[in-house]
Structures are given as C-alpha cells and as structure tokens.
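Here is the file protein_20.txt (compact mmCIF, C-alpha atoms and all ligand atoms).
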# COMPACT_ATOMS: atom_id res chain seq x y z
CA MET A 161 21.99 0.74 56.00
CA ALA A 162 18.49 -0.77 56.43
CA LYS A 163 17.18 -3.22 53.80
CA LEU A 164 15.18 -2.07 50.75
CA SER A 165 11.73 -2.98 52.15
CA THR A 166 12.44 -1.08 55.37
CA ARG A 167 13.64 1.97 53.48
CA ALA A 168 10.61 1.78 51.16
CA VAL A 169 8.21 2.00 54.15
CA GLN A 170 10.21 4.81 55.79
CA ALA A 171 10.44 6.77 52.55
CA GLY A 172 6.90 8.14 52.67
CA LYS A 173 7.33 10.16 55.90
CA ASN A 174 8.04 13.87 55.75
CA SER A 175 10.02 16.00 58.11
CA LEU A 176 7.70 19.05 58.33
CA ASN A 177 5.04 16.92 59.99
CA LYS A 178 4.39 18.84 63.26
CA PRO A 179 1.54 16.83 64.91
CA ARG A 180 3.56 13.70 64.08
CA ALA A 181 0.82 12.00 62.08
CA VAL A 182 1.89 8.46 61.20
CA THR A 183 0.83 8.98 57.59
CA ALA A 184 2.34 12.02 55.89
CA PRO A 185 0.04 15.05 55.42
CA ILE A 186 -0.44 16.59 51.96
CA TYR A 187 0.70 20.21 51.56
CA LEU A 188 -1.55 21.76 48.93
CA SER A 189 -0.42 25.36 49.52
CA THR A 190 1.37 26.85 46.50
CA THR A 191 3.07 29.52 48.62
CA TYR A 192 4.82 29.86 52.00
CA THR A 193 4.99 32.63 54.60
CA ARG A 194 8.05 34.85 54.49
CA ASN A 195 9.76 36.06 57.69
CA GLU A 196 10.53 39.72 58.42
CA ASP A 197 14.16 39.23 57.42
CA GLY A 198 13.06 37.73 54.09
CA SER A 199 13.90 34.13 55.01
CA TYR A 200 11.62 31.08 54.95
CA ASP A 201 11.52 28.70 57.94
CA ASP A 202 11.71 25.47 55.97
CA GLY A 203 13.16 26.65 52.67
CA PHE A 204 9.92 26.42 50.69
CA ILE A 205 8.88 29.55 48.77
CA TYR A 206 6.55 28.59 45.92
CA SER A 207 5.55 25.07 44.91
CA ARG A 208 6.92 25.08 41.35
CA ALA A 209 10.35 25.40 43.00
CA GLY A 210 9.65 23.03 45.87
CA ASN A 211 6.96 21.39 47.99
CA PRO A 212 7.30 19.13 51.07
CA ASN A 213 5.56 16.17 49.39
CA ARG A 214 7.77 16.46 46.33
CA GLU A 215 10.88 16.75 48.48
CA THR A 216 9.84 13.59 50.33
CA LEU A 217 9.32 11.75 47.04
CA GLU A 218 12.62 12.96 45.58
CA THR A 219 14.53 11.90 48.70
CA ALA A 220 12.84 8.48 48.53
CA LEU A 221 13.64 8.00 44.82
CA ALA A 222 17.31 8.87 45.36
CA ASP A 223 17.46 6.51 48.35
CA LEU A 224 15.87 3.51 46.59
CA GLU A 225 17.97 3.90 43.43
CA GLY A 226 21.20 4.60 45.34
CA GLY A 227 21.72 8.03 43.77
CA GLU A 228 22.82 11.27 45.44
CA VAL A 229 19.87 13.29 44.17
CA ALA A 230 16.53 12.88 42.37
CA TYR A 231 13.95 15.09 40.69
CA ALA A 232 10.24 14.32 40.33
CA PHE A 233 8.19 15.29 37.29
CA GLY A 234 4.59 15.23 36.13
CA SER A 235 5.22 12.16 33.94
CA GLY A 236 8.01 9.84 32.82
CA MET A 237 8.13 11.76 29.54
CA ALA A 238 8.63 15.07 31.41
CA ALA A 239 11.58 13.48 33.27
CA MET A 240 13.11 12.44 29.94
CA VAL A 241 12.54 15.89 28.46
CA ALA A 242 14.39 17.52 31.38
CA LEU A 243 17.43 15.35 30.64
CA ILE A 244 17.28 16.10 26.90
CA GLN A 245 16.98 19.83 27.61
CA THR A 246 20.47 19.83 29.11
CA LEU A 247 21.74 19.24 25.53
CA ALA A 248 22.58 21.80 22.83
CA PRO A 249 22.00 21.74 19.05
CA GLY A 250 24.45 19.35 17.35
CA ASP A 251 24.62 17.02 20.36
CA GLU A 252 23.91 13.35 19.73
CA VAL A 253 21.95 10.78 21.71
CA ILE A 254 22.02 7.02 21.23
CA ILE A 255 18.75 5.27 22.05
CA PRO A 256 17.66 1.60 21.64
CA ASP A 257 16.14 0.62 18.28
CA ASP A 258 13.09 -0.62 20.21
CA ALA A 259 12.98 2.27 22.72
CA TYR A 260 9.74 3.18 24.52
CA PHE A 261 7.54 4.27 21.65
CA ALA A 262 6.93 7.84 22.80
CA LEU A 263 10.69 8.42 23.25
CA THR A 264 11.35 7.57 19.61
CA LYS A 265 8.52 9.91 18.59
CA LEU A 266 9.76 12.67 20.92
CA MET A 267 13.21 12.57 19.33
CA ASN A 268 11.83 12.40 15.77
CA ASP A 269 8.94 14.84 16.04
CA VAL A 270 10.25 17.42 18.53
CA TYR A 271 13.97 17.32 19.20
CA SER A 272 15.15 16.71 15.63
CA ARG A 273 13.79 20.20 14.93
CA TRP A 274 15.92 21.52 17.80
CA GLY A 275 19.08 20.11 16.27
CA ILE A 276 19.46 17.09 18.56
CA ILE A 277 20.66 14.09 16.56
CA THR A 278 19.36 10.65 17.56
CA GLN A 279 20.86 7.31 16.57
CA ARG A 280 18.74 4.20 17.12
CA ILE A 281 20.90 1.14 17.78
CA ASP A 282 20.35 -2.47 18.78
CA MET A 283 21.95 -2.26 22.22
CA THR A 284 22.16 -6.00 22.81
CA ASP A 285 25.25 -5.67 20.61
CA ILE A 286 27.75 -3.47 22.51
CA GLU A 287 30.09 -3.29 19.48
CA ARG A 288 27.40 -1.54 17.47
CA VAL A 289 27.01 1.04 20.23
CA GLU A 290 30.76 1.63 20.24
CA GLU A 291 30.74 2.13 16.44
CA ALA A 292 27.93 4.67 16.78
CA ILE A 293 29.77 6.83 19.33
CA ASN A 294 31.47 9.95 17.93
CA GLU A 295 32.80 13.24 19.32
CA ASN A 296 29.26 14.70 19.48
CA THR A 297 27.74 11.82 21.45
CA ARG A 298 26.57 13.13 24.82
CA HIS A 299 24.09 10.53 26.09
CA ILE A 300 23.49 6.79 25.77
CA TRP A 301 19.97 5.76 26.86
CA VAL A 302 19.11 2.16 27.70
CA GLU A 303 15.96 0.21 28.48
CA SER A 304 16.54 -3.28 29.81
CA PRO A 305 14.32 -5.28 29.58
CA SER A 306 13.06 -3.44 26.50
CA ASN A 307 9.48 -2.89 25.42
CA PRO A 308 7.76 -5.04 24.13
CA GLN A 309 10.45 -7.53 23.01
CA LEU A 310 12.14 -7.84 26.42
CA LYS A 311 15.62 -7.46 24.95
CA ILE A 312 18.39 -7.40 27.55
CA THR A 313 21.34 -4.99 27.44
CA ASP A 314 24.48 -5.46 29.52
CA ILE A 315 24.35 -2.30 31.63
CA ALA A 316 27.77 -2.74 33.30
CA ALA A 317 29.47 -3.23 29.91
CA LEU A 318 27.72 -0.19 28.49
CA ALA A 319 28.67 1.86 31.58
CA GLU A 320 32.34 1.06 30.95
CA LEU A 321 31.99 2.07 27.31
CA ALA A 322 30.19 5.30 28.24
CA LYS A 323 32.89 6.17 30.76
CA ALA A 324 35.69 5.52 28.25
CA HIS A 325 34.03 7.93 25.79
CA ASP A 326 33.05 10.51 28.43
CA THR A 327 29.33 10.20 27.69
CA LEU A 328 26.43 9.96 30.11
CA LEU A 329 24.66 6.61 30.54
CA ALA A 330 20.95 6.89 31.39
CA VAL A 331 18.93 3.77 32.19
CA ASP A 332 15.13 3.68 32.09
CA ASN A 333 14.45 1.48 35.13
CA THR A 334 10.63 1.67 34.90
CA TRP A 335 10.17 -2.05 34.18
CA PRO A 336 12.56 -3.75 36.63
CA THR A 337 12.34 -1.05 39.37
CA PRO A 338 15.08 -0.77 42.03
CA VAL A 339 13.66 -3.96 43.58
CA LEU A 340 15.15 -6.07 40.76
CA GLN A 341 17.85 -3.94 39.11
CA ASN A 342 20.13 -1.13 40.35
CA PRO A 343 21.61 0.71 37.35
CA ILE A 344 23.67 3.15 39.44
CA ALA A 345 25.40 0.25 41.20
CA LEU A 346 26.12 -1.13 37.70
CA GLY A 347 27.80 2.15 36.70
CA ALA A 348 24.97 4.24 35.19
CA ASP A 349 25.00 8.03 35.67
CA ALA A 350 21.24 8.57 35.56
CA VAL A 351 18.07 6.54 36.13
CA ILE A 352 14.75 7.43 34.55
CA HIS A 353 11.36 6.35 35.88
CA SER A 354 7.83 6.45 34.72
CA SER A 355 6.47 6.40 38.27
CA SER A 356 3.03 5.94 36.65
CA LYS A 357 3.84 2.22 36.46
CA TYR A 358 5.26 0.06 39.30
CA LEU A 359 6.28 2.88 41.67
CA GLY A 360 2.71 4.20 41.91
CA GLY A 361 1.49 0.67 41.34
CA HIS A 362 -2.29 1.25 41.18
CA SER A 363 -2.83 2.78 37.72
CA ASP A 364 -4.11 6.02 39.24
CA VAL A 365 -1.26 8.52 39.11
CA LEU A 366 0.92 9.93 36.33
CA SER A 367 4.44 10.88 37.42
CA GLY A 368 8.10 10.53 36.56
CA GLY A 369 11.50 10.63 38.20
CA LEU A 370 15.10 11.34 37.27
CA VAL A 371 17.76 10.05 39.67
CA LEU A 372 21.41 11.09 39.33
CA ALA A 373 24.34 9.09 40.69
CA LYS A 374 26.18 12.28 41.65
CA LYS A 375 25.33 15.81 42.69
CA GLY A 376 27.13 18.40 40.57
CA GLU A 377 26.90 20.53 37.47
CA LEU A 378 24.35 18.27 35.77
CA SER A 379 22.08 18.00 38.81
CA GLU A 380 22.10 21.79 39.18
CA ARG A 381 21.06 22.17 35.54
CA ILE A 382 18.28 19.60 35.94
CA GLN A 383 17.00 21.38 39.04
CA HIS A 384 17.06 24.69 37.17
CA ILE A 385 15.15 23.15 34.23
CA GLN A 386 12.62 21.53 36.59
CA GLU A 387 11.96 24.83 38.35
CA LEU A 388 11.78 26.94 35.17
CA THR A 389 9.75 24.60 32.96
CA GLY A 390 7.44 23.54 35.80
CA GLY A 391 6.62 20.01 34.61
CA VAL A 392 6.23 18.95 38.24
CA PRO A 393 3.80 16.49 39.89
CA SER A 394 1.06 17.78 42.20
CA PRO A 395 1.48 17.30 45.98
CA PHE A 396 -1.27 14.65 45.93
CA ASP A 397 0.46 12.78 43.10
CA CYS A 398 3.73 12.85 45.08
CA TRP A 399 1.87 11.53 48.11
CA LEU A 400 0.33 8.71 46.04
CA ILE A 401 3.73 7.67 44.65
CA CYS A 402 5.21 7.70 48.18
CA ARG A 403 2.36 5.47 49.31
CA GLY A 404 3.01 3.17 46.36
CA LEU A 405 6.72 2.97 47.25
CA GLN A 406 5.86 1.52 50.65
CA THR A 407 4.51 -1.67 49.06
CA LEU A 408 6.80 -1.67 45.98
CA PRO A 409 9.16 -4.48 47.07
CA VAL A 410 6.33 -6.91 48.01
CA ARG A 411 4.35 -6.13 44.87
CA VAL A 412 7.26 -6.43 42.45
CA ARG A 413 8.61 -9.66 43.96
CA GLU A 414 5.16 -11.25 43.80
CA GLN A 415 4.49 -10.02 40.25
CA SER A 416 7.90 -11.20 39.09
CA GLY A 417 7.34 -14.64 40.64
CA SER A 418 3.92 -14.95 38.97
CA ALA A 419 5.32 -13.80 35.61
CA MET A 420 7.98 -16.52 35.83
CA LYS A 421 5.31 -19.18 36.46
CA LEU A 422 3.11 -17.86 33.66
CA ALA A 423 6.06 -17.69 31.23
CA THR A 424 7.05 -21.28 32.05
CA TRP A 425 3.45 -22.41 31.50
CA PHE A 426 3.21 -20.58 28.14
CA GLU A 427 6.48 -22.10 26.96
CA ASP A 428 4.97 -25.59 27.08
CA HIS A 429 1.69 -24.62 25.39
CA PRO A 430 1.23 -25.84 21.78
CA LYS A 431 -0.62 -22.65 20.70
CA ILE A 432 2.29 -20.41 21.75
CA GLU A 433 5.03 -19.86 19.17
CA ARG A 434 7.45 -18.04 21.50
CA VAL A 435 7.64 -16.55 24.98
CA LEU A 436 9.77 -13.45 25.50
CA TYR A 437 10.75 -13.43 29.17
CA PRO A 438 14.35 -12.95 30.39
CA GLY A 439 13.82 -15.38 33.28
CA LEU A 440 13.60 -18.31 30.85
CA THR A 441 16.83 -20.08 29.88
CA SER A 442 15.56 -20.02 26.26
CA HIS A 443 15.79 -16.20 26.22
CA PRO A 444 18.92 -14.84 24.45
CA GLY A 445 19.46 -12.35 27.28
CA TYR A 446 19.07 -14.90 30.10
CA GLU A 447 22.71 -14.88 31.28
CA VAL A 448 23.02 -11.09 31.32
CA ALA A 449 19.60 -10.74 32.99
CA LYS A 450 20.64 -13.21 35.69
CA LYS A 451 23.75 -11.12 36.34
CA GLN A 452 22.07 -7.70 36.53
CA MET A 453 18.49 -8.44 37.67
CA HIS A 454 19.37 -9.77 41.09
CA SER A 455 15.98 -10.92 42.41
CA GLY A 456 13.77 -11.82 39.48
CA ALA A 457 13.17 -11.10 35.80
CA GLY A 458 10.19 -8.78 36.33
CA GLY A 459 6.43 -8.73 35.98
CA MET A 460 6.33 -8.09 32.22
CA LEU A 461 6.36 -10.64 29.41
CA SER A 462 5.35 -10.93 25.78
CA ILE A 463 3.99 -13.96 23.94
CA LEU A 464 3.81 -14.74 20.23
CA LEU A 465 0.77 -16.80 19.33
CA LYS A 466 0.26 -19.27 16.49
CA GLU A 467 -2.92 -17.45 15.40
CA ASN A 468 -3.90 -14.62 13.07
CA VAL A 469 -4.48 -11.06 14.35
CA ASN A 470 -8.27 -11.26 14.51
CA LYS A 471 -8.17 -14.46 16.52
CA ILE A 472 -5.52 -12.98 18.83
CA LEU A 473 -7.63 -9.90 19.51
CA GLU A 474 -10.64 -12.16 20.14
CA ILE A 475 -8.68 -14.28 22.62
CA SER A 476 -7.39 -11.23 24.50
CA HIS A 477 -10.96 -9.99 24.99
CA GLN A 478 -12.16 -13.39 26.25
CA LEU A 479 -9.78 -13.31 29.23
CA ARG A 480 -11.50 -12.69 32.54
CA TYR A 481 -8.60 -11.43 34.65
CA PHE A 482 -6.58 -9.52 32.03
CA THR A 483 -7.95 -6.14 31.03
CA THR A 484 -7.17 -5.03 27.48
CA ALA A 485 -5.52 -1.69 28.19
CA THR A 486 -2.24 0.11 27.72
CA SER A 487 0.25 0.81 30.55
CA LEU A 488 1.66 -1.64 33.10
CA GLY A 489 2.85 -2.18 36.64
CA GLY A 490 -0.50 -1.90 38.43
CA VAL A 491 -2.08 -4.39 40.80
CA GLU A 492 -4.35 -5.66 38.01
CA SER A 493 -3.18 -7.78 35.07
CA LEU A 494 -3.26 -5.99 31.72
CA ILE A 495 -2.83 -7.25 28.19
CA GLU A 496 -2.08 -5.32 25.02
CA HIS A 497 -1.71 -5.95 21.32
CA ARG A 498 1.25 -3.59 20.78
CA LYS A 499 1.29 -3.61 16.99
CA SER A 500 -2.15 -2.01 16.71
CA ILE A 501 -1.11 0.73 19.18
CA GLU A 502 2.25 1.42 17.54
CA GLY A 503 0.99 1.50 13.94
CA ASP A 504 2.23 0.15 10.61
CA HIS A 505 5.84 1.36 10.83
CA SER A 506 6.43 -0.47 14.14
CA SER A 507 8.73 -3.49 14.09
CA THR A 508 6.68 -5.35 16.72
CA PRO A 509 5.44 -8.74 15.41
CA GLU A 510 1.74 -8.83 14.58
CA ASN A 511 1.15 -11.95 16.71
CA LEU A 512 2.65 -10.44 19.88
CA LEU A 513 0.67 -9.76 23.04
CA ARG A 514 2.31 -7.89 25.91
CA ILE A 515 1.28 -8.89 29.42
CA SER A 516 1.63 -6.96 32.66
CA VAL A 517 1.16 -9.51 35.43
CA GLY A 518 -0.85 -8.20 38.40
CA LEU A 519 -1.33 -9.40 41.96
CA GLU A 520 -4.13 -11.89 41.26
CA ASP A 521 -3.40 -15.50 42.26
CA VAL A 522 -1.21 -16.95 39.52
CA ASP A 523 -3.24 -20.19 39.45
CA ASP A 524 -6.32 -18.17 38.42
CA LEU A 525 -4.29 -16.34 35.77
CA ILE A 526 -3.04 -19.63 34.30
CA ALA A 527 -6.55 -21.15 34.41
CA ASP A 528 -7.86 -18.09 32.55
CA TRP A 529 -5.34 -18.58 29.74
CA SER A 530 -5.88 -22.33 29.68
CA ARG A 531 -9.60 -21.70 29.07
CA VAL A 532 -9.20 -19.21 26.20
CA LEU A 533 -6.48 -21.20 24.41
CA LYS A 534 -8.59 -24.42 24.32
C1 LIG A 601 5.33 4.47 30.44
C2 LIG A 601 6.78 4.52 30.18
C3 LIG A 601 7.42 5.74 29.95
C4 LIG A 601 6.68 7.06 29.87
O1 LIG A 601 6.17 7.45 31.11
P1 LIG A 601 4.83 8.33 31.32
O2 LIG A 601 4.70 8.38 32.80
O3 LIG A 601 3.71 7.63 30.62
O4 LIG A 601 5.11 9.67 30.71
C5 LIG A 601 8.78 5.72 29.74
N1 LIG A 601 9.49 4.58 29.73
C6 LIG A 601 8.90 3.38 29.94
C7 LIG A 601 9.74 2.14 29.90
C8 LIG A 601 7.53 3.30 30.16
O5 LIG A 601 6.96 2.10 30.35

In structure tokens, what does this structure look like?
Amino acid sequence: MAKLSTRAVQAGKNSLNKPRAVTAPIYLSTTYTRNEDGSYDDGFIYSRAGNPNRETLETALADLEGGEVAYAFGSGMAAMVALIQTLAPGDEVIIPDDAYFALTKLMNDVYSRWGIITQRIDMTDIERVEEAINENTRHIWVESPSNPQLKITDIAALAELAKAHDTLLAVDNTWPTPVLQNPIALGADAVIHSSSKYLGGHSDVLSGGLVLAKKGELSERIQHIQELTGGVPSPFDCWLICRGLQTLPVRVREQSGSAMKLATWFEDHPKIERVLYPGLTSHPGYEVAKKQMHSGAGGMLSILLKENVNKILEISHQLRYFTTATSLGGVESLIEHRKSIEGDHSSTPENLLRISVGLEDVDDLIADWSRVLK
C-alpha cells in the first residue's frame, strides 16, 4: 500500500470524471437520469442518498483511517448524532468527563429526554471506566488528547476493555488526525471526525465523518440513518474537504512540530504556570501519547498563566499572529479563553488559554508571545 501522503493526494479524485480533469469536478445535481429499465448508470439516484463528491470523500476517509467504510455528514456533531441514533432507550454511553463541550450538552439536553443514559468518567483511569460498565453499556467514547486539558487516554487498553464487555469503542480523532494517531489500528470500532478542523484545514467548511472498522449490521444502520435524516454535507463542502485532505499530512506534521517548539518555549517562561502538551515529558500522559501518537503530539496546546482573567484576555488580544476565535486546525493560529466560552459550570481553569498552532513560521509565533509576556 502507498504511504499516507500519497494516498492523501490520490484521495480527492473521483471515478465519474469523464473528461479526465486533473482536479475533480463538483456534481451539484440533486438528481440523476434513470434508464428505460429503471436502472441508474452509476448508482446515484438522489443526492441525499448519494453524490459522487460525497462518495469520493467517504472513500478517502475510510482509506486514511484504515476503516472498511465511512460516512460523511454536515458537521462533526451530525456524525456523532448518527452514531447515537443507533441506540435505543435504556442504553448507556460512557463519555469523558471533559468531552467536547457540545457532546456533553447534546447528551444532557437532547438524548437524556430520549432515554439514553450518559456516564461521564475520567478516562485516563481505565479502572474507573471498567467500574462504570454495566449490562446496558453500548458505547464508550474517547477523545485523546482531550479538549482543552489535553488529557491522554490509552486507546489500546480501552479497546481491550470494550471488547471484553462487548461494547463499541468510538474515538474522536479530530485533534490528532490519522496523520498522528490511528484508532482503528489500536483496536477502536469507530472513528469520529469534525472535518471542519484539520481535515478541511482552512476554517471555511463545516463537515463531519464517521469511519467504521468493519462493514456489517452497524454500518448498514448508519447508512440508513444518514440517508433518512439527511444531515449530509453539500457537494462543494465534500470537494473542499477532499482538497484539504491532499495537504493534511504536510500541514499536521508542520503544526505539530511548531506546537512542540512553542510548548517547550512556554515551559521555560516565568509567567507561565503550566503547559498542557502531551509531547512534553512533564505531561502525565507523555508515555501513553508517545506509544499511540506515532509522529508527533499534535498542533493543539493549552497554557495556564500566572495572571488574572482580565490581564489574560488583554494579553490574548495583544497578539499579532493569534486570532482570538473558537475552533482549531486551520492554517492560521487561533487562541481562545475556554472558560468564558464554556460558562460557570465548566471545570476548565480560569487562567487557561487554548492555542491552535497554524502554519506561520514558529519563530514569529514565539517572538509574538515573547513581546506580549514582557
Ligand atoms: C469541533 C469538534 C467537534 C464538533 O464538530 P463540528 O464540526 O463543529 O460539529 C467534535 N469533536 C471535537 C474534538 C471537535 O474539536
């Protein structure tokens, strides 16, 4: 099999392309011509059920994550919802205690009313996950590194546990991407993506993906849910994600390398209380991260500053190359004070800033910080 970068470039081609354009065309048509015998030449009928650009994207996602099949959605949240909708009232899901904020809200505000029971557990402690499993547990969901505290969970250990208890293990691989971490190779059954982040890579498209290790009963149900609920990405959005995938390996390796340099620089700075980055030996998850993130610790880090909130907000607005905005994974560096986004009941420390490292030269990024921390 060709290497990841080669497959990433190949991934954006599609097979219907008759004039053999080097860059894939976009098929905007919602409907396809039917033959006299009722058949369709290329299998496409109506674009909620299938579209050439979406098929290309889904094939690419499955390929890069090493799964047998993938489904694309209109957002990362829509991908998560499709997986949850395979459950029935009374079923239980275990999610991380610091799960992506909207996932916690989704389970509390929407699915609790549908009879889905959610347990929030600190997944860095596998024993606590094991204690939480009971006969109704259907899914275990993991995010590693987690958001915004960069906690690391041992995916292979959790996969063994999930298998022993006949539950599905789903890993949100939005932050590390398949460039740095391959959950299916570590034993996971499903991989979730917010393609709006690194996969798209330019902060201009909202999309999500769900990759399954195996084709079978579950994949058929997901496909059915995708087709019936219609939370699918537009052909142009699929095309944009495919374009993003072609540069994903170079972008992520560069961003991860810059994040490592920035984290190391922060660690020595007297105004920084703590750096949360799994590439640092001081991080409690360093050993596990080294084992499961094979080519870098990622482009995301959080810092805790020795300043009060007002001063921290002031500093973050003085930076020249870091835009104060939510989201992550784009070519531009972003910075966010998570506590003020998450609200009073969030457990995120008040002096924490989350940083998404972009593709600017890391020397300029360090100089920018050096200036505002003077
Ligand atoms: C952004 C994000 C999501 C949600 O994805 P959307 O595309 O915004 O719906 C889920 N998980 C993680 C880790 C994210 O960063």

Exercise for the section: Report the distance between CA of Ser462 in chain A and CA of Ala168 in chain A in Å, rounded to one decimal place. Expected result: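 A separation of 28.9 Å between them.
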
Handout entry: Distance query range 438-440 of chain A at most 9 Å, all atoms listed in the file, self and fewer than 6 positions along chain excluded, as a PyMOL selection string
Key = chain A and resi 305+310-312+419-420+423-424+427+446-450+456-458+461

Problem - Which residue of A:Ser418, A:Ser199, A:Ser356, A:Ser304 approaches Asp524 in chain A most closely, using only C-alpha atoms - result: A:Ser418

Practice task
Write out as an NGL selection string each polymer residue (protein, DNA or RNA) that has an atom no more than 7 Å from ligand LIG 601 (chain A), with all atoms listed in the file counted.
Solution key: :A and (235-238 or 260 or 303 or 307 or 332 or 334-335 or 353-357 or 366-368 or 487)

Practice task
Please indicate the distance in Å from CA of Gly459 in chain A to CA of Glu520 in chain A, rounded to one decimal place.
Solution key: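 One can read the CA of Gly459 in chain A to CA of Glu520 in chain A distance as 12.2 Å.
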
Handout entry: Atomic distance CA of Gly376 in chain A - CA of Asp397 in chain A, expressed in Å with one decimal
Key =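 Those two atoms sit 27.4 Å apart.
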
Practice task
Select, from A:Thr327, A:Ser476, A:Asn296, A:Gln245, the residue with the minimum atom-to-atom distance to Met267 in chain A, counting all atoms listed in the file.
Solution key: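 That would be A:Gln245, the residue with the smallest distance to Met267 in chain A.
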
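Ranking A:Gly227, A:Gly391, A:Gly361, A:Pro308 by their shortest atom-to-atom distance to Ala239 in chain A, with only C-alpha atoms included, puts A:Gly391 first.
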
Completion exercise
Closest of A:Leu422, A:Arg273, A:Leu488, A:Leu224 to Asp364 in chain A, counting only C-alpha atoms, is A:Leu488

Handout entry: Pick from A:Ile205, A:Val491, A:Cys402, A:Leu318, whichever lies nearest to Arg288 in chain A using only C-alpha atoms
Key =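 Going through A:Ile205, A:Val491, A:Cys402, A:Leu318 one by one, the smallest distance to Arg288 in chain A is for A:Leu318.
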
Practice task
Write out as a list of chain:residue names the residues lying within 8 Å of Ile315 in chain A, counting all atoms listed in the file and excluding same-chain residues fewer than 4 positions away.
Solution key: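 Everything that qualifies: A:Val302, A:Ala319, A:Pro343, A:Leu346, A:Gly347, A:Ala348, A:Gln452.
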
Padded axis-aligned box of range 362-375 of chain A (6 Å per side), centre and edge lengths, Å, one decimal, as AutoDock Vina command-line options:
--center_x 11.0 --center_y 8.5 --center_z 39.5 --size_x 42.3 --size_y 26.6 --size_z 18.4

Exercise for the section: Pick out the residues sitting within 6 Å of Ser516 in chain A, and hand them over as number ranges by chain; count only C-alpha atoms, and ignore anything fewer than 4 positions along from it in its own chain. Expected result: A: 460, 488, 493-494

For the selection you just gave me, I'd like the residues written to a file as a compact mmCIF listing (two decimals), in the coordinates of the input, keeping C-alpha atoms.
# COMPACT_ATOMS: atom_id res chain seq x y z
CA MET A 460 6.33 -8.09 32.22
CA LEU A 488 1.66 -1.64 33.10
CA SER A 493 -3.18 -7.78 35.07
CA LEU A 494 -3.26 -5.99 31.72

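Residues in contact with Asn342 in chain A at up to 8 Å, not including ones fewer than 3 positions away on its chain and judged by only C-alpha atoms, are A:Glu225, A:Gly226, A:Thr337, A:Pro338, A:Val339, A:Ala345, A:Leu346, A:Gln452, A:Met453.
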
Exercise for the section: Excluding Gly203 in chain A and any residue of its chain fewer than 4 positions from it, enumerate the residues within 12 Å of it, using all atoms listed in the file, and give them as a PyMOL selection string. Expected result: chain A and resi 176+191-195+198-199+207+209-212+215

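Distances from A:Ile382, A:Ala316, A:Ile475, A:Val289 to Ile244 in chain A were compared using only C-alpha atoms, and the smallest one belongs to A:Ile382.
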